Each structure stands twice: as C-alpha cells, then as structure tokens.
>>> print(open('model-v4.cif').read())   # mmCIF, C-alpha atoms
data_run
loop_
_atom_site.label_atom_id
_atom_site.label_comp_id
_atom_site.auth_asym_id
_atom_site.auth_seq_id
_atom_site.Cartn_x
_atom_site.Cartn_y
_atom_site.Cartn_z
CA MET X 1 -10.73 23.41 1.35
CA LYS X 2 -14.10 22.05 2.52
CA ASP X 3 -15.36 21.82 -1.10
CA LEU X 4 -12.20 20.01 -2.02
CA VAL X 5 -12.71 17.44 0.76
CA THR X 6 -16.38 16.96 -0.24
CA LEU X 7 -15.43 16.30 -3.86
CA GLU X 8 -12.54 14.06 -2.83
CA LEU X 9 -14.97 12.14 -0.62
CA LYS X 10 -17.06 11.42 -3.73
CA ILE X 11 -13.95 10.18 -5.53
CA SER X 12 -13.11 7.95 -2.55
CA LYS X 13 -16.59 6.42 -2.58
CA PHE X 14 -16.12 5.71 -6.26
CA LEU X 15 -12.79 4.01 -5.39
CA ARG X 16 -14.60 1.79 -2.88
CA LEU X 17 -16.92 0.63 -5.67
CA GLY X 18 -13.83 0.05 -7.81
CA VAL X 19 -12.33 -2.22 -5.13
CA ILE X 20 -15.57 -4.25 -4.99
CA PHE X 21 -15.64 -4.52 -8.80
CA ALA X 22 -11.97 -5.66 -8.90
CA GLY X 23 -12.60 -8.07 -6.01
CA VAL X 24 -15.52 -9.71 -7.87
CA LEU X 25 -13.38 -10.09 -11.01
CA MET X 26 -10.46 -11.58 -9.04
CA LEU X 27 -12.70 -14.00 -7.14
CA THR X 28 -14.51 -15.11 -10.31
CA GLY X 29 -11.28 -15.61 -12.25
CA TRP X 30 -9.55 -17.38 -9.40
CA LEU X 31 -12.47 -19.79 -8.82
CA MET X 32 -12.63 -20.53 -12.56
CA GLU X 33 -8.96 -21.51 -12.69
CA ILE X 34 -8.36 -23.05 -9.28
CA GLU X 35 -9.16 -26.57 -10.47
CA PHE X 36 -6.86 -26.38 -13.47
CA SER X 37 -3.91 -24.37 -12.13
CA ARG X 38 -0.78 -26.06 -10.89
CA ASP X 39 -0.05 -26.07 -7.15
CA PRO X 40 1.10 -22.49 -6.45
CA PHE X 41 3.16 -23.65 -3.48
CA ILE X 42 5.38 -25.69 -5.78
CA VAL X 43 5.33 -23.43 -8.85
CA PHE X 44 6.21 -20.24 -6.94
CA LYS X 45 8.78 -21.73 -4.60
CA THR X 46 11.49 -20.37 -6.84
CA TYR X 47 11.43 -17.19 -8.88
CA ASP X 48 10.97 -17.73 -12.60
CA HIS X 49 10.79 -14.52 -14.56
CA ILE X 50 8.14 -14.60 -17.31
CA PRO X 51 7.15 -11.19 -18.73
CA PHE X 52 3.46 -10.26 -18.49
CA GLN X 53 3.15 -10.13 -22.27
CA ASP X 54 4.28 -13.78 -22.54
CA LEU X 55 1.90 -14.86 -19.75
CA LEU X 56 -0.95 -13.06 -21.52
CA ASP X 57 -0.08 -14.77 -24.83
CA ILE X 58 -0.08 -18.21 -23.14
CA HIS X 59 -3.46 -17.66 -21.46
CA LEU X 60 -5.02 -16.25 -24.64
CA LYS X 61 -3.66 -19.13 -26.73
CA ASN X 62 -4.99 -21.72 -24.25
CA GLN X 63 -8.25 -19.80 -23.78
CA GLN X 64 -7.77 -19.72 -20.00
CA TRP X 65 -10.52 -17.21 -19.32
CA GLY X 66 -10.18 -17.52 -15.56
CA TYR X 67 -6.61 -16.19 -15.68
CA LEU X 68 -7.63 -13.40 -18.04
CA ILE X 69 -10.48 -12.32 -15.75
CA SER X 70 -8.10 -12.46 -12.76
CA TYR X 71 -5.61 -10.23 -14.58
CA ALA X 72 -8.43 -7.80 -15.45
CA GLY X 73 -9.33 -7.66 -11.73
CA LEU X 74 -5.71 -7.11 -10.68
CA LEU X 75 -5.18 -4.40 -13.29
CA SER X 76 -8.37 -2.55 -12.36
CA LEU X 77 -7.24 -2.57 -8.72
CA ILE X 78 -3.76 -1.27 -9.56
CA VAL X 79 -5.07 1.63 -11.69
CA LEU X 80 -7.55 2.83 -9.01
CA PRO X 81 -5.00 5.12 -7.27
CA VAL X 82 -3.94 6.43 -10.69
CA ILE X 83 -7.56 7.43 -11.40
CA ARG X 84 -7.73 9.06 -7.97
CA VAL X 85 -4.64 11.19 -8.65
CA LEU X 86 -5.98 12.16 -12.09
CA LEU X 87 -9.37 13.22 -10.67
CA THR X 88 -7.68 15.12 -7.81
CA GLY X 89 -5.55 16.95 -10.40
CA ILE X 90 -8.71 17.90 -12.33
CA LEU X 91 -10.30 19.12 -9.07
CA PHE X 92 -7.31 21.38 -8.41
CA ILE X 93 -7.51 22.77 -11.96
CA LYS X 94 -11.23 23.54 -11.50
CA GLN X 95 -10.47 25.27 -8.19
CA LYS X 96 -7.69 27.29 -9.90
CA GLU X 97 -5.07 25.80 -7.57
CA ARG X 98 -2.48 25.83 -10.34
CA LEU X 99 0.57 24.81 -8.32
CA LEU X 100 -1.17 21.87 -6.64
CA ALA X 101 -2.66 20.84 -10.01
CA VAL X 102 0.87 20.74 -11.48
CA ILE X 103 2.06 18.67 -8.49
CA ALA X 104 -0.84 16.20 -8.90
CA LEU X 105 -0.11 15.87 -12.61
CA LEU X 106 3.58 15.31 -11.82
CA VAL X 107 2.55 12.48 -9.44
CA LEU X 108 0.40 11.08 -12.25
CA ALA X 109 3.34 11.26 -14.69
CA GLY X 110 5.54 9.55 -12.07
CA LEU X 111 3.03 6.71 -11.73
CA LEU X 112 2.86 6.20 -15.50
CA ILE X 113 6.65 6.31 -15.87
CA SER X 114 6.97 3.83 -13.00
CA PHE X 115 4.52 1.46 -14.73
CA SER X 116 6.60 1.65 -17.90
CA PHE X 117 9.65 0.37 -15.98
CA GLY X 118 7.95 -3.04 -15.89
CA ILE X 119 7.71 -3.28 -19.67
CA GLU X 120 10.56 -5.17 -21.30
CA LEU X 121 11.38 -3.83 -24.72
CA MET K 1 -7.09 -26.93 -0.67
CA LEU K 2 -3.77 -25.23 0.04
CA SER K 3 -4.98 -22.27 -2.00
CA PHE K 4 -7.87 -21.86 0.43
CA SER K 5 -5.39 -21.80 3.32
CA LEU K 6 -3.83 -18.85 1.49
CA ILE K 7 -7.18 -17.05 1.64
CA LEU K 8 -7.59 -17.89 5.32
CA ILE K 9 -4.17 -16.54 6.29
CA SER K 10 -4.90 -13.39 4.24
CA VAL K 11 -8.26 -12.93 5.99
CA PHE K 12 -6.36 -13.15 9.28
CA ALA K 13 -3.74 -10.65 8.01
CA GLY K 14 -6.45 -8.21 6.88
CA PHE K 15 -8.30 -8.61 10.18
CA LEU K 16 -5.19 -8.08 12.31
CA GLY K 17 -4.01 -5.19 10.12
CA SER K 18 -7.38 -3.53 10.47
CA ILE K 19 -7.58 -3.72 14.28
CA LEU K 20 -3.93 -2.71 14.75
CA GLY K 21 -3.93 0.02 12.12
CA LEU K 22 -1.23 -1.68 10.03
CA GLY K 23 -1.10 -2.58 6.37
CA GLY K 24 -1.47 -6.26 5.55
CA GLY K 25 2.03 -6.45 4.01
CA ILE K 26 3.80 -6.71 7.36
CA ILE K 27 1.88 -9.96 8.00
CA VAL K 28 1.35 -11.32 4.49
CA VAL K 29 4.97 -11.31 3.27
CA PRO K 30 6.36 -13.32 6.26
CA ALA K 31 3.34 -15.70 6.10
CA LEU K 32 3.80 -16.39 2.38
CA THR K 33 7.54 -16.88 2.66
CA LEU K 34 7.93 -18.62 6.03
CA LEU K 35 4.72 -20.70 6.12
CA PHE K 36 4.16 -21.43 2.41
CA ASN K 37 7.76 -21.20 1.13
CA ILE K 38 6.76 -18.86 -1.69
CA ASP K 39 9.63 -16.87 -3.21
CA ILE K 40 9.88 -13.49 -1.50
CA ARG K 41 9.63 -11.59 -4.83
CA TYR K 42 6.20 -13.07 -5.61
CA ALA K 43 5.15 -12.45 -1.99
CA ILE K 44 6.19 -8.77 -2.17
CA ALA K 45 4.37 -8.25 -5.48
CA ALA K 46 1.16 -9.89 -4.14
CA SER K 47 1.36 -7.85 -0.95
CA LEU K 48 1.47 -4.55 -2.89
CA VAL K 49 -1.84 -5.43 -4.57
CA SER K 50 -3.51 -6.10 -1.23
CA ILE K 51 -2.22 -2.75 0.12
CA ILE K 52 -3.91 -0.94 -2.78
CA ALA K 53 -7.14 -2.82 -2.05
CA THR K 54 -7.26 -1.89 1.64
CA SER K 55 -6.09 1.70 1.14
CA SER K 56 -8.48 2.46 -1.76
CA GLY K 57 -11.38 0.77 0.02
CA ALA K 58 -10.86 2.82 3.18
CA ALA K 59 -9.98 6.20 1.57
CA ALA K 60 -13.48 7.58 2.17
CA SER K 61 -13.36 6.84 5.90
CA PHE K 62 -9.96 8.59 6.19
CA LEU K 63 -11.51 11.76 4.73
CA LYS K 64 -14.77 11.76 6.69
CA ASP K 65 -13.22 12.84 9.99
CA ASN K 66 -11.40 15.81 8.36
CA LEU K 67 -8.04 14.64 9.75
CA THR K 68 -6.50 13.95 6.35
CA ASN K 69 -4.50 16.87 4.94
CA LEU K 70 -5.31 16.41 1.27
CA ARG K 71 -3.05 19.18 -0.05
CA LEU K 72 -0.09 17.86 1.92
CA ALA K 73 -0.85 14.28 0.80
CA VAL K 74 -0.66 15.28 -2.88
CA LEU K 75 2.68 17.03 -2.33
CA LEU K 76 4.20 14.14 -0.37
CA GLU K 77 3.00 11.60 -2.94
CA LEU K 78 5.56 13.22 -5.23
CA GLY K 79 8.29 11.91 -2.88
CA THR K 80 6.79 8.45 -2.32
CA VAL K 81 6.17 7.83 -6.04
CA ALA K 82 9.74 8.90 -6.92
CA GLY K 83 11.00 6.56 -4.17
CA ALA K 84 8.83 3.68 -5.36
CA MET K 85 10.22 4.10 -8.89
CA CYS K 86 13.78 3.86 -7.55
CA GLY K 87 12.81 0.99 -5.24
CA PHE K 88 11.48 -1.03 -8.16
CA LEU K 89 14.70 -0.47 -10.11
CA ILE K 90 16.87 -1.39 -7.08
CA ALA K 91 14.73 -4.52 -6.42
CA SER K 92 15.71 -5.88 -9.83
CA TYR K 93 19.35 -6.08 -8.73
CA ILE K 94 18.89 -7.26 -5.14
CA ASP K 95 19.34 -10.84 -4.03
CA SER K 96 16.37 -12.43 -2.22
CA SER K 97 18.55 -13.22 0.84
CA PHE K 98 19.14 -9.48 1.28
CA LEU K 99 15.38 -8.87 1.02
CA PHE K 100 14.85 -11.32 3.91
CA LEU K 101 17.47 -9.49 6.00
CA LEU K 102 15.97 -6.09 5.18
CA PHE K 103 12.45 -7.30 5.93
CA GLY K 104 13.57 -8.86 9.22
CA GLY K 105 15.26 -5.60 10.21
CA PHE K 106 12.14 -3.65 9.26
CA LEU K 107 9.89 -5.93 11.36
CA PHE K 108 12.19 -5.52 14.36
CA PHE K 109 12.13 -1.75 13.94
CA SER K 110 8.32 -1.81 13.61
CA ALA K 111 8.04 -3.79 16.86
CA ILE K 112 10.08 -1.14 18.68
CA MET K 113 8.03 1.65 17.11
CA MET K 114 4.78 0.05 18.27
CA PHE K 115 5.94 0.57 21.85
CA ARG K 116 6.92 4.18 21.23
CA LYS K 117 5.12 6.80 23.24
CA LYS K 118 2.94 8.69 20.82
CA GLY K 119 3.21 12.40 21.37
CA ASP K 120 1.88 15.17 19.17
CA GLY K 121 4.23 17.26 17.09
CA HIS K 122 3.68 21.02 17.23
CA THR K 123 5.18 24.09 15.60
CA ASN K 124 4.21 27.75 15.40
CA ILE K 125 6.33 28.41 12.34
CA ASP K 126 4.96 27.60 8.91
CA HIS K 127 7.59 26.56 6.36
CA PRO K 128 7.63 28.91 3.30
CA TRP K 129 6.53 26.03 1.03
CA SER K 130 3.66 25.35 3.41
CA SER K 131 2.59 29.02 3.30
CA GLN K 132 2.83 29.04 -0.50
CA LEU K 133 0.72 25.88 -0.89
CA ARG K 134 -1.51 26.60 2.14
CA LEU K 135 -0.68 23.26 3.77
CA SER K 136 -1.53 24.24 7.34
CA GLY K 137 -4.89 23.00 8.62
CA GLU K 138 -7.22 22.40 11.53
CA TYR K 139 -9.27 19.59 13.02
CA HIS K 140 -11.55 18.90 15.98
CA ASN K 141 -10.13 16.86 18.86
CA GLU K 142 -12.08 14.39 21.07
CA LYS K 143 -13.37 17.27 23.22
CA GLY K 144 -14.68 19.06 20.14
CA GLU K 145 -12.04 21.81 20.35
CA LEU K 146 -10.72 23.22 17.08
CA ILE K 147 -6.97 22.51 16.84
CA SER K 148 -4.95 24.49 14.28
CA TYR K 149 -1.55 23.32 13.09
CA LYS K 150 1.25 24.51 10.85
CA VAL K 151 3.69 22.48 8.78
CA ALA K 152 7.47 22.64 9.34
CA ASN K 153 10.47 21.24 7.38
CA VAL K 154 8.57 20.42 4.19
CA PRO K 155 11.71 19.56 2.13
CA LEU K 156 12.90 17.13 4.85
CA GLY K 157 9.43 15.54 4.94
CA LEU K 158 9.44 15.17 1.16
CA PHE K 159 12.91 13.60 1.27
CA SER K 160 11.80 11.15 4.00
CA MET K 161 8.82 10.16 1.83
CA TYR K 162 11.27 9.29 -0.93
CA PHE K 163 12.86 6.67 1.39
CA ALA K 164 9.42 5.42 2.47
CA GLY K 165 8.64 4.89 -1.23
CA ILE K 166 11.87 2.92 -1.77
CA LEU K 167 11.07 0.65 1.19
CA SER K 168 7.49 0.15 -0.02
CA ALA K 169 8.66 -1.12 -3.42
CA LEU K 170 11.49 -3.22 -1.98
CA LEU K 171 9.47 -4.93 0.76
CA GLY K 172 5.86 -4.85 -0.46
CA ILE K 173 4.71 -2.77 2.50
CA GLY K 174 2.80 0.50 2.88
CA SER K 175 5.67 2.01 4.99
CA GLY K 176 3.09 3.82 7.09
CA ILE K 177 5.42 3.75 10.11
CA PHE K 178 8.07 5.80 8.25
CA LYS K 179 5.52 8.17 6.78
CA VAL K 180 4.03 8.89 10.21
CA MET K 181 7.54 9.30 11.69
CA ALA K 182 8.45 11.88 9.03
CA MET K 183 5.22 13.85 9.38
CA ASP K 184 5.17 13.71 13.16
CA GLY K 185 8.92 14.11 13.80
CA ALA K 186 10.18 16.30 10.96
CA MET K 187 7.10 18.21 9.84
CA LYS K 188 5.70 18.56 13.40
CA LEU K 189 2.17 17.51 12.51
CA PRO K 190 -0.31 16.24 15.12
CA MET K 191 -0.22 12.42 15.36
CA LYS K 192 -3.82 11.98 14.21
CA VAL K 193 -3.25 14.11 11.12
CA SER K 194 -0.01 12.22 10.36
CA SER K 195 -1.73 8.81 10.63
CA ALA K 196 -4.76 9.78 8.54
CA THR K 197 -2.67 11.48 5.83
CA SER K 198 -0.24 8.54 5.72
CA ASN K 199 -3.09 6.02 5.33
CA PHE K 200 -4.58 8.10 2.54
CA MET K 201 -1.25 8.11 0.62
CA ILE K 202 -0.42 4.40 0.92
CA GLY K 203 -2.44 3.25 -2.11
CA VAL K 204 -0.69 5.67 -4.48
CA THR K 205 2.76 4.64 -3.18
CA ALA K 206 1.96 0.94 -3.60
CA SER K 207 0.41 1.48 -7.03
CA ALA K 208 3.64 3.00 -8.41
CA SER K 209 5.65 -0.19 -7.93
CA ALA K 210 2.69 -2.62 -8.25
CA GLY K 211 2.07 -1.40 -11.83
CA ALA K 212 5.70 -2.08 -12.72
CA PHE K 213 5.69 -5.51 -11.01
CA PHE K 214 2.43 -6.33 -12.82
CA LEU K 215 3.81 -5.51 -16.26
CA ARG K 216 7.03 -7.38 -15.48
CA GLY K 217 4.93 -10.49 -14.78
CA ASP K 218 5.70 -10.79 -11.04
CA ILE K 219 2.10 -10.35 -9.88
CA ARG K 220 0.68 -13.83 -10.45
CA PRO K 221 -3.08 -14.35 -10.02
CA GLU K 222 -2.60 -17.73 -8.31
CA ILE K 223 -1.10 -15.88 -5.31
CA ALA K 224 -2.17 -12.25 -5.65
CA CYS K 225 -5.92 -12.92 -6.12
CA PRO K 226 -6.51 -15.08 -3.01
CA VAL K 227 -4.28 -12.75 -0.95
CA ALA K 228 -6.13 -9.59 -2.09
CA ILE K 229 -9.59 -11.18 -1.66
CA GLY K 230 -8.65 -12.48 1.79
CA ILE K 231 -7.26 -9.13 2.94
CA ILE K 232 -10.30 -7.19 1.65
CA GLY K 233 -12.58 -9.61 3.56
CA GLY K 234 -10.42 -9.64 6.70
CA SER K 235 -10.14 -5.87 6.96
CA TRP K 236 -13.90 -5.55 6.41
CA ILE K 237 -14.55 -7.93 9.34
CA GLY K 238 -11.86 -6.24 11.47
CA ALA K 239 -13.32 -2.75 10.97
CA ARG K 240 -16.73 -3.97 12.12
CA ILE K 241 -15.72 -5.81 15.27
CA MET K 242 -12.83 -3.53 16.25
CA PRO K 243 -14.88 -1.57 18.86
CA ILE K 244 -15.49 -4.70 20.97
CA LEU K 245 -11.90 -6.01 20.82
CA PRO K 246 -9.15 -5.25 23.36
CA ALA K 247 -6.87 -3.67 20.72
CA ASN K 248 -4.12 -2.77 23.23
CA THR K 249 -3.76 -6.35 24.47
CA ILE K 250 -3.70 -7.66 20.90
CA ARG K 251 -1.06 -5.03 20.06
CA LYS K 252 1.20 -6.26 22.90
CA ILE K 253 0.88 -9.89 21.80
CA PHE K 254 1.51 -8.86 18.21
CA VAL K 255 4.75 -7.06 19.13
CA VAL K 256 6.12 -10.32 20.57
CA VAL K 257 5.05 -12.21 17.42
CA LEU K 258 6.66 -9.48 15.30
CA VAL K 259 10.01 -9.88 17.10
CA ILE K 260 9.94 -13.69 16.66
CA VAL K 261 9.04 -13.41 12.96
CA SER K 262 11.73 -10.76 12.41
CA ILE K 263 14.35 -13.14 13.84
CA GLN K 264 13.08 -15.94 11.58
CA MET K 265 13.22 -13.68 8.51
CA ILE K 266 16.78 -12.62 9.36
CA MET K 267 17.79 -16.28 9.90
CA ARG K 268 16.28 -17.23 6.52
CA GLY K 269 18.25 -14.40 4.93
CA VAL K 270 21.50 -15.55 6.56
CA LYS K 271 20.91 -19.22 5.61
CA SER K 272 20.10 -18.52 1.97
#
>>> encode(input="model-v4.cif", output="structure tokens")
Amino acid sequence: MKDLVTLELKISKFLRLGVIFAGVLMLTGWLMEIEFSRDPFIVFKTYDHIPFQDLLDIHLKNQQWGYLISYAGLLSLIVLPVIRVLLTGILFIKQKERLLAVIALLVLAGLLISFSFGIEL
Amino acid sequence: MLSFSLILISVFAGFLGSILGLGGGIIVVPALTLLFNIDIRYAIAASLVSIIATSSGAAASFLKDNLTNLRLAVLLELGTVAGAMCGFLIASYIDSSFLFLLFGGFLFFSAIMMFRKKGDGHTNIDHPWSSQLRLSGEYHNEKGELISYKVANVPLGLFSMYFAGILSALLGIGSGIFKVMAMDGAMKLPMKVSSATSNFMIGVTASASAGAFFLRGDIRPEIACPVAIGIIGGSWIGARIMPILPANTIRKIFVVVLVIVSIQMIMRGVKS
C-alpha cells in the first residue's frame, strides 16, 4: 500500500505540472483573443448550441490562433484525470492487484464513453 | 475590462474555496449567472473545468498526509463516473429554470451541512467487498496515534456516489458534501479520511462530464479560460495564507451569504 501511495504521489506531482502547462496555454490563448472576441457577457447571455467541431472549423478557417491555443489548454486540463486513472490502472497491474486494475480500467472506459456522449454524429 | 472582472471574481472564488475547503463551483456558478447574467449551462460547463484544475493541482497534497484511501477512491470513482454520464444525458433535457431551482436547493442544503457537527464514523465490521479489495486502512491522528478503520456498506456508498456524480454533471460542482456524507454516514469512515478521499476523487468526477460538455461545444474559452485561471490563482493564494486567517469566522459569514444566494437562485428559477 505504501509503494502504491509513493507511486501515486509521483503521478500527482506530474498532474500539478500538467495544470501549470494547461494554465499557461489558457492564459496565452485568452490574452491573444481578448481584444478581438465579442463581449462574452452579451454573447453568452442566452444559450446557443454550436458543436465543438463547428467552432473548431470556424477558428481554423479564420486563423484565430488564440482560440485554438485556449482550446488546447482546456483539453489538456480535462484529460489530466483520465491520464491519472490510466496510470493508476497500470500501477495496479504491476502490483498484481488484478481486481483493482479491472476497476480502474472500467473507470477509464466510463470516462471515454462519457466523452463520446458529447460528440454529435 | 469586464473579462478581467471575471478573472477577479474567479480569484475570489478560488481563494474562498481554498480556505473553506469547498470547490469553486459553489461560488462560480451563482457569480456567473447572478452577477454577469451568463446562461447557467455555460456557467456549469466552465465551473467543471475549474474543479478539475483545483483537484488535479492539489492531488499530491491530499496524498502526502496518508489520509486518502486510494483503493477506495478508485472503486468509488466507478459510481461517480457512471453518475456523471447519466447527469450529462439528463442535463440535455432539463430546462435552465429547473437548474436554478436545483442549484438554489443545493446551496441551501450546503449551508445547513456547514453547520453540522462533524463526528467520526466508526465500525468494527468490514464489509465483504472491503475485505476482498482490502479497503480498510490506517492513519495517524493529531496526537500521532495510529488509527485503524474498516469500511462498511460498500454497495450503499457506491450507490450514493452515483447520485453525487449526477449532481456534479447537472450543477457543475464537485459534490464533495455528498461524497463525504456517504463515506462518513454510510461507510462509517473517519471524517478526515472521507474528506481527503472525496477531494482526491473530485477531478475524475468532473472530468467525466466536462469532456462531454467540451465536445458538445458548451465549454467556451471566453468564459472557461478566465474562470479556470482565476480559480487556480485564487486557490494558490488561499492555500498559502490560510494558516493566518480566521477560517471559522469566514465560514460563519459564508453560510449567511450562501443562504442569501440560494434564495436568489431559487427566485431566478421561479421567475424564468
């Protein structure tokens, strides 16, 4: 159990670096776009559903690099817990904790399935 | 300039959340909706991102004191992730006025829970699932004594986590209060272990629905980036000056604010 906590501590320190990396990306992207973006307090007053794929296409077409960097920062932040679960699962496999490894991999599968719910086909 | 006010309010939310041991969502969602008139669905999606930031950034400190039950956390994440999946699907069919009512009710409940006397759960009987997965553990208390604990009612705890996951996805919160209640009340874990394990799990719960909201296009950088940056900065400041602050006095003031905000959220829900 102690070994497990030590290894998990290393993963958690890696996550902290991930948060800093994502934070830098988000700050950079946001500062790059702040001058050109429309007033968020007017635009987001009412809900207007635009799928992520369409938003990405618009920003790529208009070469709005600030938005793209912001999205990269947001995505890297969102996948951090997924990486943590994956690494924890691998730790359990290495420690021959088969049942807990299966549970961790089920959590990972749940996360990936949940992500897929957001994709509109 | 208004965008910078968004950062400032998020710094305040991160700061307050850090000194009170709450996620930022409980402060950010009402601030975005009531102060800035942002649609509650964008506010919820942005809040989930900030929860991941604070939880992932602090995961190492939760583990250092050996209070976090890692094996139990992995098992219970199964329940919270399943709940978050359902919560995301339910959220697609729920009217925003109902979200205001639900959030207002949740804030009111949280205010009551903050006044609750915190007692330690204790059981001598290990649930069969706990024995099988070796979920029982031990930690050192303030006096340096080694405290051993066992884990009761694992299925009930897992089921409660499912509801915590639903609430997290619906309201953009970490649902730490419900997680602690389930671990402390149903599974009879010591309060410190419940709190540390709950904090450790919050990022995974939030990530499940945040990923779906992101791919659906609800997480917009114009809101989510300043909110996440502000909360990361605020919680960093809060963690550093927490020892010199009168946290109990701040908690009492915050409970009053929470009740007022909950009434405003419910009124907004009724009006719209």
>>> resolve_selection(input="model-v4.cif", expression="the PyMOL selection byres ((chain X) within 6 of (chain K))", output="JSON, numbers by chain")
{"X": [9, 12, 13, 15, 16, 26, 44, 45, 46, 47, 50, 51, 52, 78, 81, 107, 111, 114, 115, 117, 118, 119]}
>>> atom_distance(input="model-v4.cif", atom1="atom CA of Glu142 of chain K", atom2="atom CA of Ser130 of chain K")
26.1 Å
>>> closest_residue(input="model-v4.cif", among="X:Gly66, X:Ala22, X:Val82, X:Pro40", to="Ser5 of chain K", atoms="only C-alpha atoms")
X:Pro40
>>> resolve_selection(input="model-v4.cif", expression="the PyMOL selection byres ((chain K and resi 108-117) around 9)", output="JSON, numbers by chain")
{"K": [103, 104, 105, 106, 107, 118, 119, 177, 251, 252, 254, 255, 256, 257, 258, 259, 260, 261, 262, 263]}
>>> closest_residue(input="model-v4.cif", among="K:Pro155, K:Leu67, K:Ile166, K:Val28", to="Ala186 of chain K", atoms="only C-alpha atoms")
K:Pro155
>>> residues_near_point(input="model-v4.cif", point="(16.0, -16.7, 7.5)", cutoff="10 Å", atoms="all atoms listed in the file", output="ChimeraX atom specification")
/K:33-34,97,100-101,104,261-272
>>> axis_aligned_box(input="model-v4.cif", around="segment 69-77 of chain X", padding_each_side="3 Å", output="lines of an AutoDock Vina configuration file")
center_x = -7.8
center_y = -7.5
center_z = -12.2
size_x = 11.3
size_y = 15.9
size_z = 13.0
>>> atom_distance(input="model-v4.cif", atom1="atom CA of Leu87 of chain X", atom2="atom CA of Leu25 of chain X")
23.7 Å
>>> closest_residue(input="model-v4.cif", among="K:Ile250, K:Ile9, K:Ser47, K:Val227", to="Trp30 of chain X", atoms="only C-alpha atoms")
K:Val227
>>> atom_distance(input="model-v4.cif", atom1="atom CA of Leu60 of chain X", atom2="atom CA of Gly29 of chain X")
13.9 Å
>>> residues_around(input="model-v4.cif", residues="Phe92 of chain X", least_positions_apart="2", cutoff="12 Å", atoms="all atoms listed in the file", output="ChimeraX atom specification")
/X:1,3-5,7-8,85-90,94-105 /K:70-71,74,133
>>> residues_around(input="model-v4.cif", residues="Met183 of chain K", least_positions_apart="6", cutoff="7 Å", atoms="only C-alpha atoms", output="ChimeraX atom specification")
/K:157,189,194
>>> write_last_selection(input="model-v4.cif", atoms="C-alpha atoms", output="short mmCIF file (atom, residue, chain, number, x, y, z; two decimals), in the frame of the given file")
data_model
loop_
_atom_site.label_atom_id
_atom_site.label_comp_id
_atom_site.auth_asym_id
_atom_site.auth_seq_id
_atom_site.Cartn_x
_atom_site.Cartn_y
_atom_site.Cartn_z
CA GLY K 157 9.43 15.54 4.94
CA LEU K 189 2.17 17.51 12.51
CA SER K 194 -0.01 12.22 10.36
#
>>> resolve_selection(input="model-v4.cif", expression="the PyMOL selection byres ((chain K and resi 184) around 12)", output="ChimeraX atom specification")
/K:118-123,149-154,156-157,160,176-183,185-198
>>> build_atoms(input="model-v4.cif", residues="segment 30-36 of chain K", atoms="all heavy atoms", output="PDB file, keeping the file's coordinate frame")
ATOM      1  N   PRO K  30       5.771 -12.219   5.469  1.00  0.00           N
ATOM      2  CA  PRO K  30       6.360 -13.320   6.260  1.00  0.00           C
ATOM      3  C   PRO K  30       5.531 -14.598   6.179  1.00  0.00           C
ATOM      4  O   PRO K  30       6.090 -15.701   6.112  1.00  0.00           O
ATOM      5  CB  PRO K  30       6.356 -12.772   7.697  1.00  0.00           C
ATOM      6  CG  PRO K  30       6.291 -11.308   7.564  1.00  0.00           C
ATOM      7  CD  PRO K  30       5.511 -11.041   6.325  1.00  0.00           C
ATOM      8  N   ALA K  31       4.192 -14.489   6.157  1.00  0.00           N
ATOM      9  CA  ALA K  31       3.340 -15.700   6.100  1.00  0.00           C
ATOM     10  C   ALA K  31       3.580 -16.454   4.803  1.00  0.00           C
ATOM     11  O   ALA K  31       3.755 -17.680   4.815  1.00  0.00           O
ATOM     12  CB  ALA K  31       1.873 -15.309   6.239  1.00  0.00           C
ATOM     13  N   LEU K  32       3.609 -15.728   3.683  1.00  0.00           N
ATOM     14  CA  LEU K  32       3.800 -16.390   2.380  1.00  0.00           C
ATOM     15  C   LEU K  32       5.171 -17.041   2.274  1.00  0.00           C
ATOM     16  O   LEU K  32       5.309 -18.128   1.717  1.00  0.00           O
ATOM     17  CB  LEU K  32       3.611 -15.395   1.235  1.00  0.00           C
ATOM     18  CG  LEU K  32       2.206 -14.868   0.967  1.00  0.00           C
ATOM     19  CD1 LEU K  32       2.217 -13.859  -0.168  1.00  0.00           C
ATOM     20  CD2 LEU K  32       1.254 -16.003   0.625  1.00  0.00           C
ATOM     21  N   THR K  33       6.174 -16.361   2.819  1.00  0.00           N
ATOM     22  CA  THR K  33       7.540 -16.880   2.660  1.00  0.00           C
ATOM     23  C   THR K  33       7.879 -17.941   3.706  1.00  0.00           C
ATOM     24  O   THR K  33       8.432 -18.989   3.359  1.00  0.00           O
ATOM     25  CB  THR K  33       8.571 -15.728   2.756  1.00  0.00           C
ATOM     26  OG1 THR K  33       8.304 -14.971   3.938  1.00  0.00           O
ATOM     27  CG2 THR K  33       8.490 -14.818   1.553  1.00  0.00           C
ATOM     28  N   LEU K  34       7.533 -17.678   4.972  1.00  0.00           N
ATOM     29  CA  LEU K  34       7.930 -18.620   6.030  1.00  0.00           C
ATOM     30  C   LEU K  34       6.991 -19.819   6.136  1.00  0.00           C
ATOM     31  O   LEU K  34       7.437 -20.943   6.353  1.00  0.00           O
ATOM     32  CB  LEU K  34       8.007 -17.900   7.383  1.00  0.00           C
ATOM     33  CG  LEU K  34       9.036 -16.766   7.507  1.00  0.00           C
ATOM     34  CD1 LEU K  34       8.934 -16.104   8.873  1.00  0.00           C
ATOM     35  CD2 LEU K  34      10.458 -17.248   7.274  1.00  0.00           C
ATOM     36  N   LEU K  35       5.676 -19.593   5.965  1.00  0.00           N
ATOM     37  CA  LEU K  35       4.720 -20.700   6.120  1.00  0.00           C
ATOM     38  C   LEU K  35       4.536 -21.480   4.819  1.00  0.00           C
ATOM     39  O   LEU K  35       4.434 -22.705   4.826  1.00  0.00           O
ATOM     40  CB  LEU K  35       3.346 -20.183   6.579  1.00  0.00           C
ATOM     41  CG  LEU K  35       3.242 -19.564   7.961  1.00  0.00           C
ATOM     42  CD1 LEU K  35       1.823 -19.068   8.205  1.00  0.00           C
ATOM     43  CD2 LEU K  35       3.613 -20.582   9.033  1.00  0.00           C
ATOM     44  N   PHE K  36       4.468 -20.756   3.677  1.00  0.00           N
ATOM     45  CA  PHE K  36       4.160 -21.430   2.410  1.00  0.00           C
ATOM     46  C   PHE K  36       5.366 -21.576   1.480  1.00  0.00           C
ATOM     47  O   PHE K  36       5.228 -22.099   0.372  1.00  0.00           O
ATOM     48  CB  PHE K  36       3.043 -20.662   1.681  1.00  0.00           C
ATOM     49  CG  PHE K  36       1.747 -20.641   2.437  1.00  0.00           C
ATOM     50  CD1 PHE K  36       1.255 -19.462   2.963  1.00  0.00           C
ATOM     51  CD2 PHE K  36       1.017 -21.804   2.635  1.00  0.00           C
ATOM     52  CE1 PHE K  36       0.050 -19.437   3.667  1.00  0.00           C
ATOM     53  CE2 PHE K  36      -0.182 -21.793   3.328  1.00  0.00           C
ATOM     54  CZ  PHE K  36      -0.667 -20.611   3.853  1.00  0.00           C
TER      55      PHE K  36
END
